[in-house]
Each structure stands twice: as structure tokens, then as C-alpha cells.
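Novice: This is the content of protein-v9.cif (mmCIF, C-alpha atoms):
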```
data_protein
#
loop_
_atom_site.label_atom_id
_atom_site.label_comp_id
_atom_site.auth_asym_id
_atom_site.auth_seq_id
_atom_site.Cartn_x
_atom_site.Cartn_y
_atom_site.Cartn_z
CA MET A 144 143.26 -4.05 55.17
CA LEU A 145 143.43 -0.27 55.25
CA LYS A 146 143.93 0.97 58.79
CA TRP A 147 141.18 3.57 58.94
CA ASP A 148 139.40 5.29 61.80
CA GLY A 149 136.12 6.34 60.22
CA HIS A 150 134.27 8.02 63.09
CA THR A 151 135.95 10.75 65.15
CA HIS A 152 135.16 14.10 66.76
CA THR A 153 136.84 17.46 67.32
CA ARG A 154 136.85 20.59 69.46
CA PHE A 155 133.63 21.53 67.64
CA CYS A 156 131.87 18.86 69.71
CA TYR A 157 130.50 20.43 72.87
CA HIS A 158 130.12 17.14 74.74
CA GLY A 159 133.72 16.16 73.97
CA SER A 160 137.17 17.68 74.34
CA ASP A 161 138.49 21.07 73.25
CA ALA A 162 141.84 19.48 72.36
CA ALA A 163 143.59 20.59 69.17
CA GLN A 164 143.05 18.36 66.14
CA GLU A 165 146.77 17.79 65.85
CA LEU A 166 146.68 15.71 69.05
CA TYR A 167 144.12 13.36 67.49
CA LEU A 168 145.97 13.07 64.21
CA ASN A 169 149.39 12.60 65.79
CA ARG A 170 147.93 9.81 67.91
CA ALA A 171 146.49 8.18 64.80
CA ILE A 172 149.87 8.34 63.05
CA GLU A 173 151.61 6.84 66.11
CA LEU A 174 149.16 3.92 65.97
CA GLY A 175 149.79 3.34 62.27
CA PHE A 176 146.48 4.59 60.86
CA GLU A 177 146.52 5.38 57.16
CA ARG A 178 143.18 7.17 56.85
CA TYR A 179 141.35 9.28 59.43
CA THR A 180 137.82 10.59 58.94
CA ILE A 181 136.86 13.70 60.87
CA SER A 182 133.09 13.36 61.32
CA GLU A 183 131.68 16.04 63.60
CA HIS A 184 128.03 16.54 64.56
CA PRO A 185 126.60 19.29 62.32
CA PRO A 186 123.99 21.78 63.57
CA LEU A 187 120.48 20.65 64.48
CA PRO A 188 117.22 22.48 63.71
CA GLN A 189 116.41 25.01 66.39
CA GLY A 190 114.29 23.43 69.11
CA TRP A 191 114.77 19.91 67.72
CA ILE A 192 114.72 18.28 71.16
CA ALA A 193 112.74 18.97 74.30
CA ASP A 194 115.81 18.79 76.56
CA HIS A 195 116.74 22.46 76.70
CA ASP A 196 119.28 21.84 79.47
CA ILE A 197 121.50 19.76 77.17
CA TRP A 198 120.77 21.52 73.87
CA ASP A 199 124.07 23.42 73.79
CA GLU A 200 126.07 20.19 74.18
CA LEU A 201 124.57 18.31 71.25
CA ALA A 202 125.88 20.01 68.14
CA MET A 203 127.69 23.08 66.88
CA PRO A 204 125.64 26.21 66.16
CA GLU A 205 124.89 26.93 62.50
CA GLU A 206 127.44 29.72 62.22
CA GLU A 207 130.27 27.31 63.09
CA LEU A 208 129.73 24.78 60.30
CA SER A 209 131.73 26.79 57.76
CA LEU A 210 134.51 27.22 60.35
CA TYR A 211 134.54 23.47 60.96
CA MET A 212 134.75 22.65 57.26
CA ALA A 213 137.64 25.11 56.87
CA TYR A 214 139.34 23.52 59.89
CA VAL A 215 139.11 20.08 58.30
CA GLN A 216 140.56 21.35 55.03
CA GLU A 217 143.40 22.95 56.99
CA MET A 218 144.15 19.58 58.60
CA LYS A 219 144.06 17.83 55.23
CA ARG A 220 146.70 20.19 53.90
CA ALA A 221 148.86 20.11 57.03
CA TYR A 222 148.95 16.29 57.16
CA GLU A 223 149.25 15.55 53.46
CA GLY A 224 151.79 12.79 52.97
CA LYS A 225 151.54 11.74 56.64
CA ILE A 226 147.99 10.43 56.87
CA GLU A 227 144.94 10.72 54.64
CA VAL A 228 142.46 13.04 56.34
CA ALA A 229 138.88 12.65 55.08
CA ALA A 230 136.30 15.40 55.48
CA GLY A 231 133.08 14.12 57.02
CA LEU A 232 130.04 14.79 59.17
CA GLU A 233 127.93 12.65 61.47
CA PHE A 234 124.44 13.61 60.37
CA ASP A 235 121.42 12.76 62.47
CA TYR A 236 118.31 11.19 61.02
CA LEU A 237 115.72 13.96 61.48
CA PRO A 238 112.24 12.64 60.65
CA GLY A 239 110.07 15.52 59.56
CA ARG A 240 113.11 17.76 59.02
CA LEU A 241 115.01 15.97 56.29
CA ASP A 242 114.99 19.27 54.41
CA TYR A 243 117.39 20.64 57.03
CA THR A 244 119.94 17.93 56.27
CA GLU A 245 119.39 18.29 52.52
CA ARG A 246 120.35 21.96 52.67
CA MET A 247 123.62 21.13 54.42
CA LEU A 248 124.35 18.36 51.91
CA ASP A 249 123.68 20.68 48.99
CA ARG A 250 126.00 23.30 50.45
CA TRP A 251 128.88 20.99 51.37
CA GLN A 252 128.65 17.89 49.19
CA ASP A 253 131.63 18.92 47.04
CA GLU A 254 133.88 18.87 50.13
CA LEU A 255 132.33 15.95 52.02
CA GLU A 256 134.03 12.62 51.49
CA ASP A 257 132.38 10.63 54.29
CA VAL A 258 129.02 10.67 56.00
CA VAL A 259 128.17 8.76 59.18
CA TYR A 260 124.39 8.77 59.49
CA SER A 261 123.10 8.10 63.00
CA VAL A 262 119.93 7.77 65.05
CA HIS A 263 120.35 9.61 68.35
CA TYR A 264 116.75 10.79 68.86
CA LEU A 265 113.32 9.24 69.16
CA PRO A 266 109.89 10.70 69.81
CA GLY A 267 109.36 10.57 73.57
CA ARG A 268 107.64 12.31 76.42
CA ASP A 269 106.85 15.91 75.38
CA GLY A 270 108.89 15.76 72.17
CA MET A 271 112.08 14.35 70.66
CA ARG A 272 114.45 12.84 73.21
CA CYS A 273 118.07 11.65 73.22
CA ILE A 274 118.50 7.89 73.44
CA ASP A 275 122.11 8.06 74.66
CA PHE A 276 122.25 10.83 77.27
CA LYS A 277 121.77 9.06 80.62
CA ALA A 278 120.10 5.82 81.70
CA GLU A 279 117.72 7.61 84.05
CA HIS A 280 116.79 10.05 81.29
CA PHE A 281 116.07 7.11 78.95
CA GLU A 282 113.84 5.54 81.58
CA GLU A 283 111.95 8.74 82.35
CA GLN A 284 111.55 10.14 78.85
CA LEU A 285 111.43 7.07 76.59
CA LEU A 286 110.71 3.85 78.48
CA SER A 287 107.82 5.43 80.40
CA TYR A 288 106.47 6.85 77.13
CA TYR A 289 106.54 3.57 75.16
CA GLY A 290 105.69 1.31 78.10
CA SER A 291 108.18 -1.48 77.36
CA MET A 292 111.73 -1.98 76.11
CA GLU A 293 110.37 -4.01 73.20
CA ARG A 294 108.39 -1.03 71.94
CA VAL A 295 111.30 1.39 72.36
CA VAL A 296 113.67 -0.99 70.59
CA ASN A 297 111.29 -1.53 67.68
CA GLU A 298 110.80 2.23 67.32
CA TYR A 299 114.57 2.69 67.28
CA TYR A 300 115.13 0.07 64.59
CA ASP A 301 112.27 1.51 62.55
CA HIS A 302 114.18 4.80 62.56
CA VAL A 303 117.46 3.06 61.68
CA GLU A 304 115.82 1.36 58.69
CA ALA A 305 114.41 4.68 57.50
CA ALA A 306 117.84 6.27 57.97
CA ILE A 307 119.52 3.58 55.85
CA GLU A 308 117.01 4.08 53.04
CA TRP A 309 117.46 7.84 53.09
CA ALA A 310 121.27 7.67 53.33
CA GLY A 311 121.35 5.65 50.13
CA ARG A 312 120.94 8.89 48.18
CA PHE A 313 124.17 10.42 49.50
CA PRO A 314 126.79 10.59 46.70
CA MET A 315 129.80 10.23 49.02
CA ARG A 316 130.91 7.28 51.17
CA LYS A 317 128.18 6.64 53.72
CA ARG A 318 127.55 4.31 56.61
CA ILE A 319 125.02 3.89 59.37
CA GLY A 320 126.41 5.02 62.72
CA HIS A 321 126.61 2.73 65.78
CA ILE A 322 123.72 0.56 64.64
CA ASN A 323 123.10 -0.81 68.15
CA LEU A 324 123.34 2.44 70.12
CA ILE A 325 120.03 1.43 71.70
CA GLU A 326 122.08 -0.95 73.89
CA LYS A 327 124.20 1.79 75.49
CA PHE A 328 122.41 1.47 78.84
CA HIS A 329 121.38 -2.18 78.60
CA GLN A 330 122.97 -3.06 81.96
CA ALA A 331 121.01 -0.31 83.74
CA LEU A 332 117.61 -0.81 82.11
CA PRO A 333 115.17 -3.70 81.71
CA GLU A 334 116.58 -6.51 79.61
CA ILE A 335 116.30 -6.36 75.83
CA ASP A 336 115.32 -9.63 74.16
CA GLU A 337 118.35 -10.75 72.13
CA SER A 338 116.11 -12.53 69.65
CA LEU A 339 114.38 -9.22 68.90
CA ILE A 340 117.72 -7.52 68.25
CA ARG A 341 118.85 -10.36 66.00
CA SER A 342 115.65 -10.44 63.96
CA ARG A 343 115.64 -6.68 63.41
CA LEU A 344 119.32 -6.59 62.43
CA GLU A 345 118.92 -9.56 60.09
CA GLY A 346 116.11 -7.67 58.39
CA MET A 347 118.45 -4.74 57.74
CA LEU A 348 121.06 -6.75 55.82
CA PRO A 349 119.27 -6.71 52.44
CA LEU A 350 118.43 -3.05 52.97
CA LEU A 351 122.11 -2.22 53.49
CA VAL A 352 123.04 -4.16 50.35
CA LYS A 353 120.37 -2.46 48.24
CA SER A 354 121.15 1.05 49.48
CA GLY A 355 124.94 0.82 49.27
CA VAL A 356 125.19 2.06 52.85
CA GLY A 357 128.03 0.67 54.97
CA VAL A 358 128.31 0.01 58.68
CA ASP A 359 130.18 2.07 61.27
CA VAL A 360 131.81 -0.68 63.34
CA ASN A 361 131.72 1.47 66.42
CA THR A 362 133.73 0.37 69.45
CA ALA A 363 132.70 3.19 71.80
CA GLY A 364 130.29 0.92 73.66
CA MET A 365 133.27 -1.01 74.98
CA ARG A 366 134.28 1.98 77.09
CA VAL A 367 130.76 2.66 78.44
CA ALA A 368 130.21 1.04 81.84
CA THR A 369 126.54 0.26 81.16
CA CYS A 370 127.27 -1.33 77.78
CA GLY A 371 130.66 -3.08 77.78
CA LYS A 372 130.58 -4.21 74.15
CA PRO A 373 130.85 -2.75 70.64
CA TYR A 374 127.73 -1.31 69.05
CA VAL A 375 127.94 -3.94 66.28
CA PRO A 376 127.46 -7.61 67.25
CA GLU A 377 130.15 -9.99 66.04
CA TRP A 378 127.68 -12.17 64.14
CA PHE A 379 126.25 -9.12 62.36
CA LEU A 380 129.69 -7.92 61.34
CA ALA A 381 130.45 -11.38 59.93
CA GLU A 382 127.22 -11.35 57.90
CA CYS A 383 127.98 -7.88 56.55
CA VAL A 384 131.40 -9.02 55.37
CA LYS A 385 129.87 -12.06 53.64
CA LEU A 386 127.44 -9.79 51.79
CA GLY A 387 130.07 -7.25 50.78
CA ILE A 388 128.62 -4.47 52.94
CA PRO A 389 131.40 -1.95 53.69
CA CYS A 390 132.47 -2.22 57.34
CA VAL A 391 134.53 0.68 58.64
CA TYR A 392 136.07 0.76 62.11
CA GLY A 393 135.07 3.79 64.19
CA SER A 394 136.59 4.76 67.53
CA ASP A 395 133.99 7.52 67.95
CA SER A 396 136.78 9.35 69.74
CA HIS A 397 135.79 12.46 71.66
CA LYS A 398 139.26 12.77 73.21
CA PRO A 399 142.70 12.24 71.61
CA GLU A 400 143.46 9.27 73.87
CA GLN A 401 140.38 7.46 72.50
CA VAL A 402 141.72 7.36 68.92
CA GLY A 403 142.26 3.72 67.94
CA PHE A 404 140.26 2.39 70.89
CA GLY A 405 139.08 -1.14 70.17
CA TRP A 406 141.01 -1.48 66.90
CA ASP A 407 142.51 -4.80 68.05
CA TRP A 408 139.00 -6.23 68.49
CA PHE A 409 137.98 -5.02 65.03
CA GLU A 410 141.13 -6.37 63.41
CA LYS A 411 140.57 -9.77 65.03
CA GLN A 412 136.97 -9.87 63.78
CA MET A 413 138.00 -8.97 60.25
CA SER A 414 140.97 -11.32 60.11
CA GLY A 415 140.28 -14.03 57.56
CA ARG A 416 136.85 -12.63 56.69
CA GLU A 417 137.86 -10.19 53.99
CA GLY A 418 138.85 -11.11 50.51
#
```
Transcribe the structure of this file into C-alpha cells.

Specialist:
Amino acid sequence: MLKWDGHTHTRFCYHGSDAAQELYLNRAIELGFERYTISEHPPLPQGWIADHDIWDELAMPEEELSLYMAYVQEMKRAYEGKIEVAAGLEFDYLPGRLDYTERMLDRWQDELEDVVYSVHYLPGRDGMRCIDFKAEHFEEQLLSYYGSMERVVNEYYDHVEAAIEWAGRFPMRKRIGHINLIEKFHQALPEIDESLIRSRLEGMLPLLVKSGVGVDVNTAGMRVATCGKPYVPEWFLAECVKLGIPCVYGSDSHKPEQVGFGWDWFEKQMSGREG
């Protein structure tokens, strides 16, 4: 099995670390990784969310995207022969503004090798709202808007399904990001019915097969106090492997010390399931 971290961030992430990329890559080499995808958040349409106080933290401004892509190419050259560095982005599913993403894809598709496609936003009180900012924010801006966790969860999975279908058109490697991000605050919010989660995820399996979209096996939830588990259930990972759906480990590292986090769990899950 290729040792590959397929979801990582950089100093271009304004809710992460300003550490040099070399610190991330050197850590990956120390841990024995063979491939490392740099997958930063690209710009968002101006005014995309209603939370003006956190807008500047969410994604790089438009003028920095070309600088980021040049930075990744610089790292590819500098680490050639040491570790394979793959150029990527973590696009957001933007219902109603898919044209914005299409323009970035058209401009950069010749350089992009990997795309992580994620759902971070849902319609909420007074506009689009982040689902993974803070538990109290989720409760105030989403739960109060939908009226129940069941309705929020179904809306989230509806968006994930739409994201999978749309990502199928990407020509490069693609995977759906942290498919169960909706559980980030599950210990601080009303309980989510596990049978609902299972039924919705089971319904996505044929869609993933048909679209050719893989799964970001994201371990970041294990280091979140209100989550405590990966964002991909073990049973779902096992089903994906059975169906030949690409499953790529992702540390979702926002700091160099997070590179490789949870790899042991992923390796244990995959042991004996591949091949």
C-alpha cells in the first residue's frame, strides 16, 4: 500500500499555521510517506457566507491562488527524488456558484493532480453558514434554522450527494472530503440517529462507484474533542474497499506536527482489505 497523505494544508490557510512547507514535507519523509498531496482551500466567491467576522479565515484571496500554485510547483521541484509532491486543492461545493469553481478548474486543470471536494457550508439563518466553525455557531445558525438534527443531517447529505455527482466531471484524481464532517460537534449537540447516518452513507456507495469519485479517509475528527473519531466510519470504509472505491488517507494537517496523524488507524483498517 502506497503511504500517501492526501489531504494537507499550508501557510496559505488562514485558519491554520504559517509554518514553511518544508516542515510539513520533512515530517512526512521522516514518517515514511511516499506521496504527499498539498490541497489548500482556494478562494471563495465574495460574500459567499453570512459570517463576516470569520470570512478572512476561510480561504485565500483570489490574488493569492497563482502564488499558491507556484509555491506547490516549487516544492515539487525541491523534493523530487525524496517524496512525490502532488498539486491539489480542496474545493468547496458551492450550490448556485458552480461557475466560480469551473473557472478555477479551467485555469489550473493542467497543473492540478488531486482534488478534494468538500461540503463545509449549508444554507442557514440569514444565508450560507459554516458547519464546522463552532458548536454554538452550529446550534444558533443551523440547528435553530432547520428545527432538528435530522433535518440538518439530511440537508448535509443531500449536498454531499450533489457534490459527488458534480465532482465526477473532474479529469484529475478526485475524492469527497471528510464525508462525515457533520459529526464534528456530535458530543456537544443533540444526538444524531446512527441509523440515519448509515442509511444515507449506504445510499452514496453506488453514486461513488458510478462517478469514479474516491473517499478522503480523514482522521482529523480524532483530534477534535467534540468528535473523537475519524470522519469515515469503519464499516463504510470496508464497504468502499469491497466496491473498489479509491480510499485515500488524509491527515487534514493544518500544522506540521499533524502530518501523519491517525495513519496507524487507517493502516489497520486497510490491512487485509486491499487486493

Novice: Determine, counting all atoms listed in the file, which protein, DNA and RNA residues have an atom within 12 Å of an atom of His321 of chain A; residues of the same chain fewer than 2 positions away are not included. Present the result as a count of residues only.

Specialist: 40

Novice: Quick one: residues within 10 Å of Ser160 of chain A, all atoms listed in the file, excluding same-chain residues fewer than 6 positions away - as a list in words?

Specialist: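 In the requested format, the answer is His152, Thr153, Arg154, Ser396, His397, Lys398 and Pro399 of chain A.
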
Novice: Return as a ChimeraX atom specification the set of residues that the PyMOL selection byres ((chain A and resi 264-269) around 7) yields on the displayed structure.

Specialist: /A:193,262-263,270-274,284-285,288,299

Novice: Those residues with C-alpha atoms, as an mmCIF file, in the coordinates of the input please?

Specialist:
```cif
data_model
loop_
_atom_site.group_PDB
_atom_site.id
_atom_site.type_symbol
_atom_site.label_atom_id
_atom_site.label_comp_id
_atom_site.auth_asym_id
_atom_site.auth_seq_id
_atom_site.Cartn_x
_atom_site.Cartn_y
_atom_site.Cartn_z
ATOM 1 C CA ALA A 193 112.740 18.970 74.300
ATOM 2 C CA VAL A 262 119.930 7.770 65.050
ATOM 3 C CA HIS A 263 120.350 9.610 68.350
ATOM 4 C CA GLY A 270 108.890 15.760 72.170
ATOM 5 C CA MET A 271 112.080 14.350 70.660
ATOM 6 C CA ARG A 272 114.450 12.840 73.210
ATOM 7 C CA CYS A 273 118.070 11.650 73.220
ATOM 8 C CA ILE A 274 118.500 7.890 73.440
ATOM 9 C CA GLN A 284 111.550 10.140 78.850
ATOM 10 C CA LEU A 285 111.430 7.070 76.590
ATOM 11 C CA TYR A 288 106.470 6.850 77.130
ATOM 12 C CA TYR A 299 114.570 2.690 67.280
#
```

Novice: Applied to the shown file, which residues does the PyMOL selection byres ((chain A and resi 402-406) around 7) return, written as a list of chain:residue names?

Specialist: A:Asp148, A:Tyr167, A:Arg170, A:Ala171, A:Thr362, A:Ser394, A:Ser396, A:Pro399, A:Glu400, A:Gln401, A:Asp407, A:Trp408, A:Phe409, A:Glu410

Novice: Considering only C-alpha atoms, state which residue in the set A:His184, A:Arg220, A:Arg240, A:His329 is at the smallest distance from Glu200 of chain A.

Specialist: A:His184

Novice: Output as a Markdown table one row per residue of segment 157-208 of chain A within 12 Å of segment 243-254 of chain A: the closest atom pair and its distance in Å to one decimal place, counting only C-alpha atoms, sorted by chain and residue number ascending.

Specialist:
```
| residue | atom | partner | partner_atom | distance |
| --- | --- | --- | --- | --- |
| A:His184 | CA | A:Thr244 | CA | 11.7 |
| A:Pro185 | CA | A:Met247 | CA | 8.6 |
| A:Pro186 | CA | A:Met247 | CA | 9.2 |
| A:Leu187 | CA | A:Tyr243 | CA | 8.1 |
| A:Pro188 | CA | A:Tyr243 | CA | 6.9 |
| A:Gln189 | CA | A:Tyr243 | CA | 10.4 |
| A:Trp191 | CA | A:Tyr243 | CA | 11.0 |
| A:Glu205 | CA | A:Met247 | CA | 10.0 |
| A:Leu208 | CA | A:Met247 | CA | 9.2 |
```

Novice: Might you pull out every residue within 6 Å of segment 305-310 of chain A, with only C-alpha atoms counted and same-chain residues fewer than 3 positions away left off, and present them as a ChimeraX atom specification?

Specialist: /A:236,302,313

Novice: Dump C-alpha atoms for the selected residues as a PDB file, in the frame of the given file?

Specialist:
```
ATOM      1  CA  TYR A 236     118.310  11.190  61.020  1.00  0.00           C
ATOM      2  CA  HIS A 302     114.180   4.800  62.560  1.00  0.00           C
ATOM      3  CA  PHE A 313     124.170  10.420  49.500  1.00  0.00           C
TER       4      PHE A 313
END
```

Novice: Neighbours of Gly311 of chain A within 7 Å (all atoms listed in the file; same-chain residues fewer than 6 positions away dropped), as an MDAnalysis selection string?

Specialist: chainID A and resid 354:356

Novice: Listed atoms of segment 207-213 of chain A, axis-aligned box, 6 Å per side: centre and edge lengths to one decimal in Å, as JSON?

Specialist:
```
{"center_x": 133.7, "center_y": 25.0, "center_z": 60.0, "size_x": 19.9, "size_y": 16.7, "size_z": 18.2}
```
